[in-house]
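A quick write-up on the structure given underneath.
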Amino acid sequence: MSIIERYILAVTERLPEEMRYDVAEELRSNIEDMLPENAAEDEIRSVLEKLGNPRKLAQEYNPGKRFLIGPALYDNYISVLKTVVAIAIPVLMCLSLLDWFNKDTSAEIGKVWAGLFSNAIGSALEGGLQAAFWVTLVFVIIERSGVNENELPFARKKWSIDELPTSPVPKKALISRADPIVSMFLTILFTSLIYLKPQLIAVYINDPGRSEAIRLFDNDRLKLFIPAILLLALFQLCIAVWKFIQMRWTLPLAVANAVQDVGSALLFIIMCNDRLLFNPDFFEKLSQWLKLPLDTTIDKWFTGMQAASVIFIVICAINIIFTLRKCKR
Amino acid sequence: MESINELINSLIVELKRGTLVLSVLSQLSKPEYGYSLAQKLEEKNTPIEAGTLYPLLRRLEKQNLLTSQWDTSESRPRKFYVLSDMGKEVYNSLKEEWRALSRQLQGLIEEEEA
C-alpha cells in the first residue's frame, strides 16, 4: 500500500463509517493536487507532514463529544465508583453465601471449603463488574443529559442570579454523605436480592430432621416485574449519585425524587395486590401455621397487603412534602 | 524570551481562528475545490493550513453554509464547494460584523497611541 493510502486510512479509520468513503476520496484528490506530477517520495512525505498527524486531522473532520465522562464529573465518578463497588461486593458475597448454605448442607468438608471459596470469589467479581457497569452507565446518563450543569433540555432558560447557591447553604437543605450511601446500599441489596437471588426471599422452616424454604414469590410471575424493578433501581441510583455530587437539595432533585417515590409506590401497590405473584405453597403453609382455612388466610393476607400499600403511600407522600420543603428558600 | 514568543504565537493563532470562517466564505461565491481554495488564499496572503482548511469545508457544508458537488469530468475527481443561499446570508452578516469590529478595534488602538 502506498504511503498516501496508508495516511488516508490512518485518518478515515478514526471516522464514523458513513463519512469514511467521501473523506477518503476528497483527501486523496486534495493530496494529489498538492503534489507535482510524478512526485518523488520526499515530496510526498513533505506534503503529508504538512497535513499533520492523522489523529488530529480526523478530530478536525469529526469534532464533538468523544468521551464518556468529562473532566467536570471525573472525580465524582471515581469516588462514586469506589463507594458502589465497596457496597456491591460484600452484598453480593453475602447473598451468594446465604444461597449456597441453603442449597448445600450435606457435602463433605473439603467440598464445602472449595465451594465456599469459589462462590465468594465469583460473587465478588460479579459484584465489582456489575457495580462498575451500572455506575458508569449512570454517569454517562448524567454527562449526556447535562443535569450536572443545570442544562436540562426541558429547562433551557437564561441563567439568573437567583440560581446562585445561597451561602452558607441552609442546614435543612444539606444532604449528609450517609444519605446517598444508605440509599445506594438499599438499592443494591434489594435489586440484587430480587433479580439475582429471588429464592432467598422465603419462609425458612427448621423442623427437626428436615428443613425447607418456601418461596414467597412465584418465580415466573416475578420475572414480569423485573424490567420495571431494574428501571426503577437505575433511576434510584441516578438520584443517589446526583445527591452525592450536589450535597444539597434543589428543586429539580426534589422533583426527581418525588417522581421516584411515586414510581416505587405504584410498583409496590401493583405487586402487593397481584394475586398471582405469591407462591400458592406459601399460602398453604401459612394457613397450616395460622390454623385457618386457606381462603380466609389468603383474604387476610391481601387485606394486610392493602394496609401495607396505604402505609407505603403515606410514607412516600410525607417524604415528598419534606424534601420539597427542604429546597424552599 | 522563548516563552514570550510562544505566548504571542498562541495568541495570534487564537486571534486568527475566529476569522477562518469569514475568509473561507469570502472566497466561495464561485465554486472551488480544496486545493484551489488553498492556493487562492495563499496568493492573497491569508494562507490557511491544509489540515485545517479541508475539514473546515466539510463542517461548513454540514452547517448548510456550503453546498458541494463532485466533478468527475477531468482526469482527477474533485469536490467543489460553493456558498449556499444560507451561506450568502451568513457571510453578509459576518462581513458587517467584521467591519464594525475592526472599526471599533482600530478606534481603541489609535486612541491609545495618540
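Identifiers in this document derive from the order of the C-alpha cells: chains are assigned A, B, ..., residues are numbered from 1 separately in each chain, and ligands are numbered from 1 in order of occurrence.
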
What's around Glu49 in chain A at 12 Å? Count only C-alpha atoms, leave out sequence neighbours fewer than 4 positions away in its own chain, and write the answer as a PDB file with C-alpha atoms, in the first residue's frame.
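Contents of part16.pdb, freshly written:
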```
ATOM      1  CA  ILE A   3       2.302   5.876   1.760  1.00  0.00           C
ATOM      2  CA  ILE A   4      -0.587   8.136   0.672  1.00  0.00           C
ATOM      3  CA  TYR A   7      -2.088   8.098   5.501  1.00  0.00           C
ATOM      4  CA  ILE A  31      -3.235  15.337  -1.685  1.00  0.00           C
ATOM      5  CA  ASP A  42      10.375  13.005  -0.221  1.00  0.00           C
ATOM      6  CA  GLU A  43       7.878  15.367  -1.863  1.00  0.00           C
ATOM      7  CA  ILE A  44       5.043  13.069  -0.839  1.00  0.00           C
ATOM      8  CA  ARG A  45       6.449  12.931   2.658  1.00  0.00           C
ATOM      9  CA  ASN A  53      -0.917  13.921  12.492  1.00  0.00           C
ATOM     10  CA  PRO A  54      -3.792  11.800  11.089  1.00  0.00           C
ATOM     11  CA  LEU A  57      -6.907  15.596  11.190  1.00  0.00           C
TER      12      LEU A  57
ATOM     13  CA  GLU B  49      -3.133  25.250   6.661  1.00  0.00           C
ATOM     14  CA  ALA B  50      -4.366  22.357   4.522  1.00  0.00           C
ATOM     15  CA  GLY B  51      -5.072  20.230   7.596  1.00  0.00           C
TER      16      GLY B  51
END
```

Chain B residues near chain A (7 Å cut-off, only C-alpha atoms) as number ranges by chain | B: 34-35, 50-51, 55, 76-79

Residue subset to file, keeping N, CA and C atoms, as a PDB file, in the first residue's frame:
```pdb
ATOM      1  N   GLY B  34     -10.795  21.993  -2.764  1.00  0.00           N
ATOM      2  CA  GLY B  34      -9.904  22.217  -1.622  1.00  0.00           C
ATOM      3  C   GLY B  34      -8.589  22.884  -1.974  1.00  0.00           C
ATOM      4  N   TYR B  35      -7.883  22.291  -2.947  1.00  0.00           N
ATOM      5  CA  TYR B  35      -6.551  22.796  -3.236  1.00  0.00           C
ATOM      6  C   TYR B  35      -6.598  24.174  -3.893  1.00  0.00           C
ATOM      7  N   ALA B  50      -3.539  23.361   5.200  1.00  0.00           N
ATOM      8  CA  ALA B  50      -4.366  22.357   4.522  1.00  0.00           C
ATOM      9  C   ALA B  50      -5.133  21.502   5.521  1.00  0.00           C
ATOM     10  N   GLY B  51      -4.451  21.104   6.592  1.00  0.00           N
ATOM     11  CA  GLY B  51      -5.072  20.230   7.596  1.00  0.00           C
ATOM     12  C   GLY B  51      -6.214  20.903   8.344  1.00  0.00           C
ATOM     13  N   PRO B  55     -10.936  19.966   6.467  1.00  0.00           N
ATOM     14  CA  PRO B  55     -12.047  19.579   7.367  1.00  0.00           C
ATOM     15  C   PRO B  55     -13.048  20.725   7.582  1.00  0.00           C
ATOM     16  N   ARG B  76      -8.923  13.859 -12.722  1.00  0.00           N
ATOM     17  CA  ARG B  76      -8.969  13.579 -11.293  1.00  0.00           C
ATOM     18  C   ARG B  76     -10.286  14.113 -10.732  1.00  0.00           C
ATOM     19  N   PRO B  77     -11.085  13.273 -10.042  1.00  0.00           N
ATOM     20  CA  PRO B  77     -12.345  13.774  -9.481  1.00  0.00           C
ATOM     21  C   PRO B  77     -12.064  14.802  -8.381  1.00  0.00           C
ATOM     22  N   ARG B  78     -12.838  15.876  -8.383  1.00  0.00           N
ATOM     23  CA  ARG B  78     -12.632  16.916  -7.370  1.00  0.00           C
ATOM     24  C   ARG B  78     -13.968  17.330  -6.774  1.00  0.00           C
ATOM     25  N   LYS B  79     -13.917  17.651  -5.497  1.00  0.00           N
ATOM     26  CA  LYS B  79     -15.152  18.064  -4.825  1.00  0.00           C
ATOM     27  C   LYS B  79     -15.161  19.583  -4.755  1.00  0.00           C
TER      28      LYS B  79
END
```

What does the distance from CA of Asp281 in chain A to CA of Ile313 in chain A come to in Å, to one decimal?
->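 Computing the Euclidean distance for CA of Asp281 in chain A and CA of Ile313 in chain A yields 29.0 Å.
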
Could you please write out, as a VMD selection string, every residue of range 139-320 of chain A that DSSP assigns to helix (DSSP H, G or I)?
-> chain A and resid 139 to 145 147 to 149 153 to 155 161 to 163 171 to 173 178 to 196 198 to 200 219 to 246 251 to 272 280 to 290 294 to 320

Near range 46-48 of chain B, counting only C-alpha atoms, which residues have an atom at most 10 Å away, once you skip same-chain residues fewer than 2 positions from it, shown as a PDB file with C-alpha atoms, in the first residue's frame?
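New file part_13.pdb:
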```
ATOM      1  CA  LYS B  16      -6.888  34.259  13.575  1.00  0.00           C
ATOM      2  CA  ARG B  17      -9.084  31.274  14.381  1.00  0.00           C
ATOM      3  CA  LEU B  20     -11.093  31.480   9.347  1.00  0.00           C
ATOM      4  CA  SER B  23     -12.001  34.190   4.932  1.00  0.00           C
ATOM      5  CA  VAL B  24     -13.268  30.878   3.557  1.00  0.00           C
ATOM      6  CA  LEU B  37      -9.098  27.466  -2.491  1.00  0.00           C
ATOM      7  CA  ALA B  38      -5.894  26.926  -0.517  1.00  0.00           C
ATOM      8  CA  GLN B  39      -3.915  28.390  -3.440  1.00  0.00           C
ATOM      9  CA  LYS B  40      -6.248  31.332  -3.771  1.00  0.00           C
ATOM     10  CA  LEU B  41      -5.968  32.161  -0.066  1.00  0.00           C
ATOM     11  CA  GLU B  42      -2.214  31.816  -0.195  1.00  0.00           C
ATOM     12  CA  GLU B  43      -1.950  34.167  -3.175  1.00  0.00           C
ATOM     13  CA  LYS B  44      -3.966  36.708  -1.225  1.00  0.00           C
ATOM     14  CA  ALA B  50      -4.366  22.357   4.522  1.00  0.00           C
ATOM     15  CA  GLY B  51      -5.072  20.230   7.596  1.00  0.00           C
ATOM     16  CA  THR B  52      -7.388  22.954   8.902  1.00  0.00           C
ATOM     17  CA  LEU B  53      -8.978  24.043   5.644  1.00  0.00           C
ATOM     18  CA  TYR B  54     -10.155  20.687   4.271  1.00  0.00           C
TER      19      TYR B  54
END
```

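The shortest atom-to-atom distance to Glu89 in chain B, with only C-alpha atoms taken into account, belongs to B:Ser29 out of B:Asn9, B:Ser73, B:Ser29, B:Gln104.
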
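Among A:Ile121, A:Tyr77, A:Glu17, A:Ile298, the residue with the shortest atom-to-atom distance to Val140 in chain A, counting only C-alpha atoms, is A:Tyr77.
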
Enumerate the residues of chain B with a DSSP assignment of strand (DSSP E or B), computed from the backbone, and present them as a PDB file with all heavy atoms, in the first residue's frame.
```
ATOM      1  N   GLU B  32     -15.085  26.290  -5.722  1.00  0.00           N
ATOM      2  CA  GLU B  32     -13.656  25.987  -5.617  1.00  0.00           C
ATOM      3  C   GLU B  32     -13.514  24.603  -5.013  1.00  0.00           C
ATOM      4  O   GLU B  32     -14.368  24.165  -4.252  1.00  0.00           O
ATOM      5  CB  GLU B  32     -12.956  26.972  -4.674  1.00  0.00           C
ATOM      6  CG  GLU B  32     -13.046  28.431  -5.066  1.00  0.00           C
ATOM      7  CD  GLU B  32     -12.012  28.829  -6.110  1.00  0.00           C
ATOM      8  OE1 GLU B  32     -11.117  27.989  -6.398  1.00  0.00           O
ATOM      9  OE2 GLU B  32     -12.101  29.957  -6.625  1.00  0.00           O
ATOM     10  N   TYR B  33     -12.405  23.919  -5.348  1.00  0.00           N
ATOM     11  CA  TYR B  33     -12.114  22.663  -4.641  1.00  0.00           C
ATOM     12  C   TYR B  33     -11.015  22.939  -3.632  1.00  0.00           C
ATOM     13  O   TYR B  33     -10.409  24.030  -3.643  1.00  0.00           O
ATOM     14  CB  TYR B  33     -11.773  21.545  -5.617  1.00  0.00           C
ATOM     15  CG  TYR B  33     -10.621  21.830  -6.552  1.00  0.00           C
ATOM     16  CD1 TYR B  33      -9.327  21.425  -6.237  1.00  0.00           C
ATOM     17  CD2 TYR B  33     -10.836  22.501  -7.756  1.00  0.00           C
ATOM     18  CE1 TYR B  33      -8.276  21.665  -7.089  1.00  0.00           C
ATOM     19  CE2 TYR B  33      -9.786  22.753  -8.620  1.00  0.00           C
ATOM     20  CZ  TYR B  33      -8.501  22.340  -8.285  1.00  0.00           C
ATOM     21  OH  TYR B  33      -7.456  22.597  -9.126  1.00  0.00           O
ATOM     22  N   LEU B  66     -22.412  25.778   2.934  1.00  0.00           N
ATOM     23  CA  LEU B  66     -21.854  25.478   1.617  1.00  0.00           C
ATOM     24  C   LEU B  66     -22.612  24.305   1.024  1.00  0.00           C
ATOM     25  O   LEU B  66     -23.199  23.497   1.756  1.00  0.00           O
ATOM     26  CB  LEU B  66     -20.374  25.080   1.738  1.00  0.00           C
ATOM     27  CG  LEU B  66     -19.407  26.048   2.408  1.00  0.00           C
ATOM     28  CD1 LEU B  66     -18.009  25.444   2.429  1.00  0.00           C
ATOM     29  CD2 LEU B  66     -19.390  27.377   1.676  1.00  0.00           C
ATOM     30  N   THR B  67     -22.608  24.247  -0.311  1.00  0.00           N
ATOM     31  CA  THR B  67     -23.072  23.016  -0.952  1.00  0.00           C
ATOM     32  C   THR B  67     -21.898  22.474  -1.747  1.00  0.00           C
ATOM     33  O   THR B  67     -20.986  23.222  -2.115  1.00  0.00           O
ATOM     34  CB  THR B  67     -24.244  23.270  -1.914  1.00  0.00           C
ATOM     35  OG1 THR B  67     -23.848  24.294  -2.822  1.00  0.00           O
ATOM     36  CG2 THR B  67     -25.479  23.722  -1.166  1.00  0.00           C
ATOM     37  N   SER B  68     -21.912  21.178  -1.987  1.00  0.00           N
ATOM     38  CA  SER B  68     -20.754  20.606  -2.672  1.00  0.00           C
ATOM     39  C   SER B  68     -21.208  19.719  -3.821  1.00  0.00           C
ATOM     40  O   SER B  68     -22.351  19.245  -3.849  1.00  0.00           O
ATOM     41  CB  SER B  68     -19.923  19.782  -1.703  1.00  0.00           C
ATOM     42  OG  SER B  68     -20.576  18.573  -1.422  1.00  0.00           O
ATOM     43  N   GLN B  69     -20.283  19.525  -4.745  1.00  0.00           N
ATOM     44  CA  GLN B  69     -20.576  18.658  -5.881  1.00  0.00           C
ATOM     45  C   GLN B  69     -19.274  18.051  -6.376  1.00  0.00           C
ATOM     46  O   GLN B  69     -18.266  18.747  -6.491  1.00  0.00           O
ATOM     47  CB  GLN B  69     -21.215  19.483  -6.988  1.00  0.00           C
ATOM     48  CG  GLN B  69     -22.034  18.644  -7.920  1.00  0.00           C
ATOM     49  CD  GLN B  69     -22.975  19.485  -8.744  1.00  0.00           C
ATOM     50  OE1 GLN B  69     -22.793  20.703  -8.872  1.00  0.00           O
ATOM     51  NE2 GLN B  69     -23.978  18.857  -9.316  1.00  0.00           N
ATOM     52  N   TRP B  70     -19.321  16.757  -6.634  1.00  0.00           N
ATOM     53  CA  TRP B  70     -18.143  16.101  -7.201  1.00  0.00           C
ATOM     54  C   TRP B  70     -18.095  16.385  -8.701  1.00  0.00           C
ATOM     55  O   TRP B  70     -19.096  16.217  -9.389  1.00  0.00           O
ATOM     56  CB  TRP B  70     -18.208  14.598  -6.975  1.00  0.00           C
ATOM     57  CG  TRP B  70     -17.728  14.170  -5.620  1.00  0.00           C
ATOM     58  CD1 TRP B  70     -18.497  13.867  -4.561  1.00  0.00           C
ATOM     59  CD2 TRP B  70     -16.376  13.997  -5.220  1.00  0.00           C
ATOM     60  NE1 TRP B  70     -17.716  13.528  -3.497  1.00  0.00           N
ATOM     61  CE2 TRP B  70     -16.394  13.598  -3.875  1.00  0.00           C
ATOM     62  CE3 TRP B  70     -15.130  14.155  -5.851  1.00  0.00           C
ATOM     63  CZ2 TRP B  70     -15.232  13.350  -3.153  1.00  0.00           C
ATOM     64  CZ3 TRP B  70     -13.983  13.907  -5.132  1.00  0.00           C
ATOM     65  CH2 TRP B  70     -14.044  13.507  -3.782  1.00  0.00           C
ATOM     66  N   ASP B  71     -16.942  16.814  -9.170  1.00  0.00           N
ATOM     67  CA  ASP B  71     -16.763  16.991 -10.608  1.00  0.00           C
ATOM     68  C   ASP B  71     -15.858  15.871 -11.106  1.00  0.00           C
ATOM     69  O   ASP B  71     -14.690  15.791 -10.727  1.00  0.00           O
ATOM     70  CB  ASP B  71     -16.125  18.356 -10.893  1.00  0.00           C
ATOM     71  CG  ASP B  71     -15.864  18.534 -12.385  1.00  0.00           C
ATOM     72  OD1 ASP B  71     -16.406  17.736 -13.177  1.00  0.00           O
ATOM     73  OD2 ASP B  71     -15.110  19.458 -12.750  1.00  0.00           O
ATOM     74  N   ARG B  78     -12.838  15.876  -8.383  1.00  0.00           N
ATOM     75  CA  ARG B  78     -12.632  16.916  -7.370  1.00  0.00           C
ATOM     76  C   ARG B  78     -13.968  17.330  -6.774  1.00  0.00           C
ATOM     77  O   ARG B  78     -14.980  17.392  -7.458  1.00  0.00           O
ATOM     78  CB  ARG B  78     -11.953  18.128  -7.996  1.00  0.00           C
ATOM     79  CG  ARG B  78     -10.486  17.929  -8.192  1.00  0.00           C
ATOM     80  CD  ARG B  78      -9.892  19.086  -8.938  1.00  0.00           C
ATOM     81  NE  ARG B  78      -8.462  18.906  -9.084  1.00  0.00           N
ATOM     82  CZ  ARG B  78      -7.781  19.189 -10.177  1.00  0.00           C
ATOM     83  NH1 ARG B  78      -8.426  19.649 -11.244  1.00  0.00           N
ATOM     84  NH2 ARG B  78      -6.479  19.016 -10.223  1.00  0.00           N
ATOM     85  N   LYS B  79     -13.917  17.651  -5.497  1.00  0.00           N
ATOM     86  CA  LYS B  79     -15.152  18.064  -4.825  1.00  0.00           C
ATOM     87  C   LYS B  79     -15.161  19.583  -4.755  1.00  0.00           C
ATOM     88  O   LYS B  79     -14.284  20.192  -4.155  1.00  0.00           O
ATOM     89  CB  LYS B  79     -15.202  17.465  -3.415  1.00  0.00           C
ATOM     90  CG  LYS B  79     -16.591  17.494  -2.824  1.00  0.00           C
ATOM     91  CD  LYS B  79     -16.607  16.793  -1.484  1.00  0.00           C
ATOM     92  CE  LYS B  79     -18.014  16.687  -0.944  1.00  0.00           C
ATOM     93  NZ  LYS B  79     -18.028  16.090   0.393  1.00  0.00           N
ATOM     94  N   PHE B  80     -16.161  20.179  -5.412  1.00  0.00           N
ATOM     95  CA  PHE B  80     -16.262  21.636  -5.466  1.00  0.00           C
ATOM     96  C   PHE B  80     -17.253  22.140  -4.420  1.00  0.00           C
ATOM     97  O   PHE B  80     -18.331  21.566  -4.259  1.00  0.00           O
ATOM     98  CB  PHE B  80     -16.726  22.090  -6.856  1.00  0.00           C
ATOM     99  CG  PHE B  80     -15.609  22.111  -7.865  1.00  0.00           C
ATOM    100  CD1 PHE B  80     -15.174  20.937  -8.453  1.00  0.00           C
ATOM    101  CD2 PHE B  80     -14.997  23.307  -8.218  1.00  0.00           C
ATOM    102  CE1 PHE B  80     -14.139  20.952  -9.381  1.00  0.00           C
ATOM    103  CE2 PHE B  80     -13.967  23.326  -9.141  1.00  0.00           C
ATOM    104  CZ  PHE B  80     -13.530  22.143  -9.721  1.00  0.00           C
ATOM    105  N   TYR B  81     -16.853  23.192  -3.739  1.00  0.00           N
ATOM    106  CA  TYR B  81     -17.744  23.801  -2.741  1.00  0.00           C
ATOM    107  C   TYR B  81     -18.139  25.198  -3.193  1.00  0.00           C
ATOM    108  O   TYR B  81     -17.339  25.915  -3.793  1.00  0.00           O
ATOM    109  CB  TYR B  81     -17.031  23.949  -1.394  1.00  0.00           C
ATOM    110  CG  TYR B  81     -16.712  22.647  -0.727  1.00  0.00           C
ATOM    111  CD1 TYR B  81     -15.500  22.004  -0.957  1.00  0.00           C
ATOM    112  CD2 TYR B  81     -17.607  22.058   0.165  1.00  0.00           C
ATOM    113  CE1 TYR B  81     -15.183  20.809  -0.330  1.00  0.00           C
ATOM    114  CE2 TYR B  81     -17.310  20.874   0.808  1.00  0.00           C
ATOM    115  CZ  TYR B  81     -16.093  20.256   0.559  1.00  0.00           C
ATOM    116  OH  TYR B  81     -15.786  19.088   1.167  1.00  0.00           O
ATOM    117  N   VAL B  82     -19.385  25.597  -2.876  1.00  0.00           N
ATOM    118  CA  VAL B  82     -19.840  26.951  -3.198  1.00  0.00           C
ATOM    119  C   VAL B  82     -20.829  27.395  -2.121  1.00  0.00           C
ATOM    120  O   VAL B  82     -21.448  26.566  -1.451  1.00  0.00           O
ATOM    121  CB  VAL B  82     -20.473  27.000  -4.615  1.00  0.00           C
ATOM    122  CG1 VAL B  82     -21.808  26.275  -4.632  1.00  0.00           C
ATOM    123  CG2 VAL B  82     -20.627  28.438  -5.099  1.00  0.00           C
ATOM    124  N   LEU B  83     -20.934  28.726  -1.918  1.00  0.00           N
ATOM    125  CA  LEU B  83     -21.856  29.249  -0.909  1.00  0.00           C
ATOM    126  C   LEU B  83     -23.293  28.824  -1.210  1.00  0.00           C
ATOM    127  O   LEU B  83     -23.731  28.903  -2.358  1.00  0.00           O
ATOM    128  CB  LEU B  83     -21.820  30.775  -0.896  1.00  0.00           C
ATOM    129  CG  LEU B  83     -20.674  31.497  -0.193  1.00  0.00           C
ATOM    130  CD1 LEU B  83     -20.902  33.003  -0.276  1.00  0.00           C
ATOM    131  CD2 LEU B  83     -20.547  31.073   1.247  1.00  0.00           C
TER     132      LEU B  83
END
```
